[in-house]
Each structure stands twice: as structure tokens, then as C-alpha cells.
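S.K.: Contents of model_9.cif (mmCIF, N, CA and C atoms):
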data_query
loop_
_atom_site.label_atom_id
_atom_site.label_comp_id
_atom_site.auth_asym_id
_atom_site.auth_seq_id
_atom_site.Cartn_x
_atom_site.Cartn_y
_atom_site.Cartn_z
N MET Y 24 -35.24 20.46 -20.11
CA MET Y 24 -33.85 20.10 -20.32
C MET Y 24 -33.01 20.41 -19.06
N LEU Y 25 -33.27 21.56 -18.48
CA LEU Y 25 -32.52 21.94 -17.28
C LEU Y 25 -32.90 21.07 -16.09
N THR Y 26 -34.16 20.70 -16.01
CA THR Y 26 -34.58 19.84 -14.91
C THR Y 26 -34.00 18.44 -15.05
N ASN Y 27 -33.88 17.96 -16.29
CA ASN Y 27 -33.27 16.64 -16.50
C ASN Y 27 -31.81 16.64 -16.06
N ALA Y 28 -31.08 17.71 -16.40
CA ALA Y 28 -29.68 17.80 -16.01
C ALA Y 28 -29.54 17.90 -14.49
N THR Y 29 -30.45 18.62 -13.85
CA THR Y 29 -30.41 18.75 -12.40
C THR Y 29 -30.67 17.41 -11.73
N ILE Y 30 -31.63 16.67 -12.24
CA ILE Y 30 -31.94 15.36 -11.68
C ILE Y 30 -30.76 14.41 -11.85
N ILE Y 31 -30.15 14.42 -13.03
CA ILE Y 31 -28.99 13.56 -13.28
C ILE Y 31 -27.83 13.95 -12.35
N MET Y 32 -27.64 15.26 -12.15
CA MET Y 32 -26.57 15.72 -11.26
C MET Y 32 -26.83 15.28 -9.82
N ILE Y 33 -28.05 15.39 -9.36
CA ILE Y 33 -28.38 14.98 -8.00
C ILE Y 33 -28.18 13.47 -7.83
N ILE Y 34 -28.59 12.69 -8.83
CA ILE Y 34 -28.38 11.24 -8.77
C ILE Y 34 -26.89 10.92 -8.73
N GLY Y 35 -26.10 11.62 -9.53
CA GLY Y 35 -24.64 11.40 -9.54
C GLY Y 35 -24.01 11.72 -8.20
N VAL Y 36 -24.42 12.83 -7.59
CA VAL Y 36 -23.87 13.21 -6.28
C VAL Y 36 -24.25 12.19 -5.23
N ILE Y 37 -25.49 11.71 -5.27
CA ILE Y 37 -25.93 10.69 -4.31
C ILE Y 37 -25.11 9.41 -4.47
N ILE Y 38 -24.85 9.01 -5.72
CA ILE Y 38 -24.05 7.80 -5.96
C ILE Y 38 -22.63 7.97 -5.43
N VAL Y 39 -22.05 9.14 -5.65
CA VAL Y 39 -20.68 9.39 -5.17
C VAL Y 39 -20.63 9.32 -3.64
N TYR Y 40 -21.59 9.96 -2.97
CA TYR Y 40 -21.60 9.94 -1.51
C TYR Y 40 -21.87 8.54 -0.97
N LEU Y 41 -22.73 7.78 -1.62
CA LEU Y 41 -22.95 6.40 -1.20
C LEU Y 41 -21.66 5.59 -1.32
N PHE Y 42 -20.95 5.77 -2.43
CA PHE Y 42 -19.68 5.08 -2.63
C PHE Y 42 -18.69 5.45 -1.53
N LEU Y 43 -18.61 6.75 -1.19
CA LEU Y 43 -17.69 7.18 -0.15
C LEU Y 43 -18.06 6.60 1.21
N PHE Y 44 -19.35 6.59 1.55
CA PHE Y 44 -19.77 6.02 2.82
C PHE Y 44 -19.48 4.53 2.88
N ILE Y 45 -19.68 3.82 1.77
CA ILE Y 45 -19.37 2.39 1.74
C ILE Y 45 -17.88 2.17 1.92
N MET Y 46 -17.05 2.98 1.24
CA MET Y 46 -15.60 2.82 1.37
C MET Y 46 -15.14 3.12 2.80
N ILE Y 47 -15.68 4.15 3.42
CA ILE Y 47 -15.31 4.46 4.80
C ILE Y 47 -15.72 3.33 5.74
N GLY Y 48 -16.90 2.79 5.53
CA GLY Y 48 -17.35 1.66 6.35
C GLY Y 48 -16.47 0.44 6.18
N LEU Y 49 -16.08 0.15 4.94
CA LEU Y 49 -15.20 -1.00 4.70
C LEU Y 49 -13.82 -0.78 5.31
N MET Y 50 -13.30 0.44 5.24
CA MET Y 50 -12.00 0.72 5.84
C MET Y 50 -12.05 0.55 7.36
N ASN Y 51 -13.13 0.99 7.98
CA ASN Y 51 -13.27 0.81 9.43
C ASN Y 51 -13.41 -0.67 9.78
N LEU Y 52 -14.14 -1.42 8.96
CA LEU Y 52 -14.30 -2.85 9.20
C LEU Y 52 -12.96 -3.58 9.06
N ILE Y 53 -12.19 -3.23 8.04
CA ILE Y 53 -10.89 -3.87 7.84
C ILE Y 53 -9.94 -3.52 8.98
N SER Y 54 -9.94 -2.27 9.43
CA SER Y 54 -9.05 -1.91 10.55
C SER Y 54 -9.48 -2.63 11.83
N PHE Y 55 -10.78 -2.85 12.01
CA PHE Y 55 -11.25 -3.60 13.18
C PHE Y 55 -10.80 -5.05 13.11
N VAL Y 56 -10.90 -5.66 11.93
CA VAL Y 56 -10.49 -7.07 11.77
C VAL Y 56 -8.98 -7.20 11.91
N LEU Y 57 -8.23 -6.28 11.31
CA LEU Y 57 -6.77 -6.37 11.36
C LEU Y 57 -6.21 -6.06 12.74
N SER Y 58 -6.99 -5.46 13.62
CA SER Y 58 -6.50 -5.17 14.96
C SER Y 58 -6.26 -6.45 15.76
N TYR Y 59 -6.84 -7.57 15.35
CA TYR Y 59 -6.64 -8.84 16.05
C TYR Y 59 -5.38 -9.57 15.59
N PHE Y 60 -4.75 -9.11 14.53
CA PHE Y 60 -3.53 -9.73 14.03
C PHE Y 60 -2.32 -8.96 14.55
N PRO Y 61 -1.19 -9.65 14.75
CA PRO Y 61 0.00 -8.95 15.25
C PRO Y 61 0.55 -8.01 14.18
N GLU Y 62 1.22 -6.96 14.66
CA GLU Y 62 1.81 -6.00 13.73
C GLU Y 62 3.10 -6.57 13.14
N GLU Y 63 3.43 -6.09 11.96
CA GLU Y 63 4.64 -6.55 11.30
C GLU Y 63 5.85 -5.91 11.97
N LYS Y 64 6.86 -6.74 12.24
CA LYS Y 64 8.07 -6.24 12.88
C LYS Y 64 9.02 -5.72 11.81
N PRO Y 65 9.63 -4.57 12.03
CA PRO Y 65 10.57 -4.05 11.03
C PRO Y 65 11.85 -4.89 11.00
N VAL Y 66 12.40 -5.05 9.82
CA VAL Y 66 13.63 -5.82 9.65
C VAL Y 66 14.79 -4.85 9.77
N LEU Y 67 15.68 -5.13 10.71
CA LEU Y 67 16.85 -4.28 10.90
C LEU Y 67 17.98 -4.76 10.01
N VAL Y 68 18.56 -3.84 9.27
CA VAL Y 68 19.66 -4.18 8.38
C VAL Y 68 20.95 -4.04 9.16
N ASN Y 69 21.71 -5.12 9.18
CA ASN Y 69 22.99 -5.12 9.89
C ASN Y 69 24.06 -4.55 8.96
N ALA Y 70 24.84 -3.60 9.45
CA ALA Y 70 25.87 -2.97 8.62
C ALA Y 70 26.96 -3.97 8.25
N ALA Y 71 27.25 -4.92 9.13
CA ALA Y 71 28.30 -5.91 8.85
C ALA Y 71 27.90 -6.81 7.69
N SER Y 72 26.62 -7.15 7.59
CA SER Y 72 26.20 -8.03 6.51
C SER Y 72 26.34 -7.33 5.17
N SER Y 73 26.07 -6.02 5.10
CA SER Y 73 26.22 -5.33 3.83
C SER Y 73 27.69 -5.25 3.43
N GLU Y 74 28.59 -5.12 4.41
CA GLU Y 74 30.02 -5.11 4.10
C GLU Y 74 30.45 -6.46 3.55
N LEU Y 75 29.93 -7.55 4.13
CA LEU Y 75 30.27 -8.87 3.63
C LEU Y 75 29.74 -9.07 2.22
N GLU Y 76 28.58 -8.52 1.92
CA GLU Y 76 28.04 -8.63 0.57
C GLU Y 76 28.92 -7.87 -0.43
N GLU Y 77 29.43 -6.71 -0.03
CA GLU Y 77 30.31 -5.95 -0.91
C GLU Y 77 31.61 -6.71 -1.15
N ILE Y 78 32.15 -7.35 -0.12
CA ILE Y 78 33.38 -8.13 -0.26
C ILE Y 78 33.14 -9.31 -1.18
N ALA Y 79 31.99 -9.98 -1.01
CA ALA Y 79 31.68 -11.13 -1.86
C ALA Y 79 31.51 -10.70 -3.31
N ALA Y 80 30.90 -9.54 -3.54
CA ALA Y 80 30.74 -9.05 -4.91
C ALA Y 80 32.09 -8.70 -5.51
N ALA Y 81 32.99 -8.11 -4.72
CA ALA Y 81 34.32 -7.77 -5.23
C ALA Y 81 35.10 -9.03 -5.58
N ILE Y 82 35.00 -10.08 -4.75
CA ILE Y 82 35.69 -11.34 -5.04
C ILE Y 82 35.13 -11.97 -6.30
N ALA Y 83 33.80 -11.93 -6.47
CA ALA Y 83 33.19 -12.51 -7.66
C ALA Y 83 33.63 -11.78 -8.92
N ILE Y 84 33.74 -10.46 -8.86
CA ILE Y 84 34.19 -9.69 -10.02
C ILE Y 84 35.65 -10.00 -10.32
N ALA Y 85 36.47 -10.13 -9.26
CA ALA Y 85 37.88 -10.43 -9.47
C ALA Y 85 38.06 -11.81 -10.09
N LYS Y 86 37.24 -12.78 -9.68
CA LYS Y 86 37.34 -14.13 -10.25
C LYS Y 86 36.91 -14.15 -11.71
N ARG Y 87 35.95 -13.29 -12.07
CA ARG Y 87 35.50 -13.24 -13.46
C ARG Y 87 36.57 -12.68 -14.39
N LYS Y 88 37.38 -11.77 -13.87
CA LYS Y 88 38.41 -11.15 -14.69
C LYS Y 88 39.57 -12.10 -14.97
N ILE Y 89 39.78 -13.08 -14.09
CA ILE Y 89 40.91 -14.00 -14.25
C ILE Y 89 40.63 -15.02 -15.31
#
Starting from the file, give its structure as C-alpha cells.
M.R.:
Amino acid sequence: MLTNATIIMIIGVIIVYLFLFIMIGLMNLISFVLSYFPEEKPVLVNAASSELEEIAAAIAIAKRKI
């Protein structure tokens, strides 16, 4: 009974390590493939545009009340 549990535990540990090695290999492969694509540029939020949105929202609320 103890030997069966030990064998099952060893098989489980081997499966976990195989899964981890496969995942690490896939992550390295994906990073290698994605290195050929351009990086995403961050979108800069303009402070003036947010002020205009607030003004537009205030006008829309005022029109709804009338």
C-alpha cells in the first residue's frame, strides 16, 4: 500500500514538472514570436478633452431638466 502511494506520488510530481517545463517553453516561444511585432503605444489622455466631456455632460443634464 505504501509503495503504491509512493509510485502515484512520483508519477504526479513528474507530470507537474513536465507541465511546468512545457509552459516555460511555450512562454519563451511566444515571447520570441512576439518580438517581431511592434510594441503597443500608450494612449495619452488629453486633459482638455476630459474637460470638454464634462461640459457636454453638464449641458446634456441641463437640457434633460428643461
S.K.: Take atom C of Y:Ile34 and atom N of Y:Ser54 and report the distance between them in Å, one decimal.
M.R.: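 Answer for the atom C of Y:Ile34 to atom N of Y:Ser54 separation: 28.1 Å.
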S.K.: Would you compute the distance between atom N of Y:Glu74 and atom C of Y:Glu62? Give it in Å to one decimal.
M.R.: 27.0 Å
S.K.: Please, which residues of chain Y, numbered as in this document, come out helix (DSSP H, G or I) from DSSP, as an NGL selection string?
M.R.: :Y and (25-57 or 70-88)
S.K.: For those residues, write N, CA and C atoms to a file as a short mmCIF file (atom, residue, chain, number, x, y, z; two decimals), in the coordinates of the input.
M.R.:
data_model
loop_
_atom_site.label_atom_id
_atom_site.label_comp_id
_atom_site.auth_asym_id
_atom_site.auth_seq_id
_atom_site.Cartn_x
_atom_site.Cartn_y
_atom_site.Cartn_z
N LEU Y 25 -33.27 21.56 -18.48
CA LEU Y 25 -32.52 21.94 -17.28
C LEU Y 25 -32.90 21.07 -16.09
N THR Y 26 -34.16 20.70 -16.01
CA THR Y 26 -34.58 19.84 -14.91
C THR Y 26 -34.00 18.44 -15.05
N ASN Y 27 -33.88 17.96 -16.29
CA ASN Y 27 -33.27 16.64 -16.50
C ASN Y 27 -31.81 16.64 -16.06
N ALA Y 28 -31.08 17.71 -16.40
CA ALA Y 28 -29.68 17.80 -16.01
C ALA Y 28 -29.54 17.90 -14.49
N THR Y 29 -30.45 18.62 -13.85
CA THR Y 29 -30.41 18.75 -12.40
C THR Y 29 -30.67 17.41 -11.73
N ILE Y 30 -31.63 16.67 -12.24
CA ILE Y 30 -31.94 15.36 -11.68
C ILE Y 30 -30.76 14.41 -11.85
N ILE Y 31 -30.15 14.42 -13.03
CA ILE Y 31 -28.99 13.56 -13.28
C ILE Y 31 -27.83 13.95 -12.35
N MET Y 32 -27.64 15.26 -12.15
CA MET Y 32 -26.57 15.72 -11.26
C MET Y 32 -26.83 15.28 -9.82
N ILE Y 33 -28.05 15.39 -9.36
CA ILE Y 33 -28.38 14.98 -8.00
C ILE Y 33 -28.18 13.47 -7.83
N ILE Y 34 -28.59 12.69 -8.83
CA ILE Y 34 -28.38 11.24 -8.77
C ILE Y 34 -26.89 10.92 -8.73
N GLY Y 35 -26.10 11.62 -9.53
CA GLY Y 35 -24.64 11.40 -9.54
C GLY Y 35 -24.01 11.72 -8.20
N VAL Y 36 -24.42 12.83 -7.59
CA VAL Y 36 -23.87 13.21 -6.28
C VAL Y 36 -24.25 12.19 -5.23
N ILE Y 37 -25.49 11.71 -5.27
CA ILE Y 37 -25.93 10.69 -4.31
C ILE Y 37 -25.11 9.41 -4.47
N ILE Y 38 -24.85 9.01 -5.72
CA ILE Y 38 -24.05 7.80 -5.96
C ILE Y 38 -22.63 7.97 -5.43
N VAL Y 39 -22.05 9.14 -5.65
CA VAL Y 39 -20.68 9.39 -5.17
C VAL Y 39 -20.63 9.32 -3.64
N TYR Y 40 -21.59 9.96 -2.97
CA TYR Y 40 -21.60 9.94 -1.51
C TYR Y 40 -21.87 8.54 -0.97
N LEU Y 41 -22.73 7.78 -1.62
CA LEU Y 41 -22.95 6.40 -1.20
C LEU Y 41 -21.66 5.59 -1.32
N PHE Y 42 -20.95 5.77 -2.43
CA PHE Y 42 -19.68 5.08 -2.63
C PHE Y 42 -18.69 5.45 -1.53
N LEU Y 43 -18.61 6.75 -1.19
CA LEU Y 43 -17.69 7.18 -0.15
C LEU Y 43 -18.06 6.60 1.21
N PHE Y 44 -19.35 6.59 1.55
CA PHE Y 44 -19.77 6.02 2.82
C PHE Y 44 -19.48 4.53 2.88
N ILE Y 45 -19.68 3.82 1.77
CA ILE Y 45 -19.37 2.39 1.74
C ILE Y 45 -17.88 2.17 1.92
N MET Y 46 -17.05 2.98 1.24
CA MET Y 46 -15.60 2.82 1.37
C MET Y 46 -15.14 3.12 2.80
N ILE Y 47 -15.68 4.15 3.42
CA ILE Y 47 -15.31 4.46 4.80
C ILE Y 47 -15.72 3.33 5.74
N GLY Y 48 -16.90 2.79 5.53
CA GLY Y 48 -17.35 1.66 6.35
C GLY Y 48 -16.47 0.44 6.18
N LEU Y 49 -16.08 0.15 4.94
CA LEU Y 49 -15.20 -1.00 4.70
C LEU Y 49 -13.82 -0.78 5.31
N MET Y 50 -13.30 0.44 5.24
CA MET Y 50 -12.00 0.72 5.84
C MET Y 50 -12.05 0.55 7.36
N ASN Y 51 -13.13 0.99 7.98
CA ASN Y 51 -13.27 0.81 9.43
C ASN Y 51 -13.41 -0.67 9.78
N LEU Y 52 -14.14 -1.42 8.96
CA LEU Y 52 -14.30 -2.85 9.20
C LEU Y 52 -12.96 -3.58 9.06
N ILE Y 53 -12.19 -3.23 8.04
CA ILE Y 53 -10.89 -3.87 7.84
C ILE Y 53 -9.94 -3.52 8.98
N SER Y 54 -9.94 -2.27 9.43
CA SER Y 54 -9.05 -1.91 10.55
C SER Y 54 -9.48 -2.63 11.83
N PHE Y 55 -10.78 -2.85 12.01
CA PHE Y 55 -11.25 -3.60 13.18
C PHE Y 55 -10.80 -5.05 13.11
N VAL Y 56 -10.90 -5.66 11.93
CA VAL Y 56 -10.49 -7.07 11.77
C VAL Y 56 -8.98 -7.20 11.91
N LEU Y 57 -8.23 -6.28 11.31
CA LEU Y 57 -6.77 -6.37 11.36
C LEU Y 57 -6.21 -6.06 12.74
N ALA Y 70 24.84 -3.60 9.45
CA ALA Y 70 25.87 -2.97 8.62
C ALA Y 70 26.96 -3.97 8.25
N ALA Y 71 27.25 -4.92 9.13
CA ALA Y 71 28.30 -5.91 8.85
C ALA Y 71 27.90 -6.81 7.69
N SER Y 72 26.62 -7.15 7.59
CA SER Y 72 26.20 -8.03 6.51
C SER Y 72 26.34 -7.33 5.17
N SER Y 73 26.07 -6.02 5.10
CA SER Y 73 26.22 -5.33 3.83
C SER Y 73 27.69 -5.25 3.43
N GLU Y 74 28.59 -5.12 4.41
CA GLU Y 74 30.02 -5.11 4.10
C GLU Y 74 30.45 -6.46 3.55
N LEU Y 75 29.93 -7.55 4.13
CA LEU Y 75 30.27 -8.87 3.63
C LEU Y 75 29.74 -9.07 2.22
N GLU Y 76 28.58 -8.52 1.92
CA GLU Y 76 28.04 -8.63 0.57
C GLU Y 76 28.92 -7.87 -0.43
N GLU Y 77 29.43 -6.71 -0.03
CA GLU Y 77 30.31 -5.95 -0.91
C GLU Y 77 31.61 -6.71 -1.15
N ILE Y 78 32.15 -7.35 -0.12
CA ILE Y 78 33.38 -8.13 -0.26
C ILE Y 78 33.14 -9.31 -1.18
N ALA Y 79 31.99 -9.98 -1.01
CA ALA Y 79 31.68 -11.13 -1.86
C ALA Y 79 31.51 -10.70 -3.31
N ALA Y 80 30.90 -9.54 -3.54
CA ALA Y 80 30.74 -9.05 -4.91
C ALA Y 80 32.09 -8.70 -5.51
N ALA Y 81 32.99 -8.11 -4.72
CA ALA Y 81 34.32 -7.77 -5.23
C ALA Y 81 35.10 -9.03 -5.58
N ILE Y 82 35.00 -10.08 -4.75
CA ILE Y 82 35.69 -11.34 -5.04
C ILE Y 82 35.13 -11.97 -6.30
N ALA Y 83 33.80 -11.93 -6.47
CA ALA Y 83 33.19 -12.51 -7.66
C ALA Y 83 33.63 -11.78 -8.92
N ILE Y 84 33.74 -10.46 -8.86
CA ILE Y 84 34.19 -9.69 -10.02
C ILE Y 84 35.65 -10.00 -10.32
N ALA Y 85 36.47 -10.13 -9.26
CA ALA Y 85 37.88 -10.43 -9.47
C ALA Y 85 38.06 -11.81 -10.09
N LYS Y 86 37.24 -12.78 -9.68
CA LYS Y 86 37.34 -14.13 -10.25
C LYS Y 86 36.91 -14.15 -11.71
N ARG Y 87 35.95 -13.29 -12.07
CA ARG Y 87 35.50 -13.24 -13.46
C ARG Y 87 36.57 -12.68 -14.39
N LYS Y 88 37.38 -11.77 -13.87
CA LYS Y 88 38.41 -11.15 -14.69
C LYS Y 88 39.57 -12.10 -14.97
#
S.K.: Any idea what the distance is between atom CA of Y:Ile47 and atom C of Y:Ala28?
M.R.: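 Here the two named atoms are 27.5 Å from each other.
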S.K.: Please define a box with edges along x, y and z of the file around all atoms of stretch 45-50 of chain Y given in the file, extend it by 5 Å on each side, and return its centre and edge lengths in Å to one decimal, as lines of an AutoDock Vina configuration file.
M.R.:
center_x = -15.8
center_y = 1.7
center_z = 4.3
size_x = 17.7
size_y = 15.5
size_z = 16.1
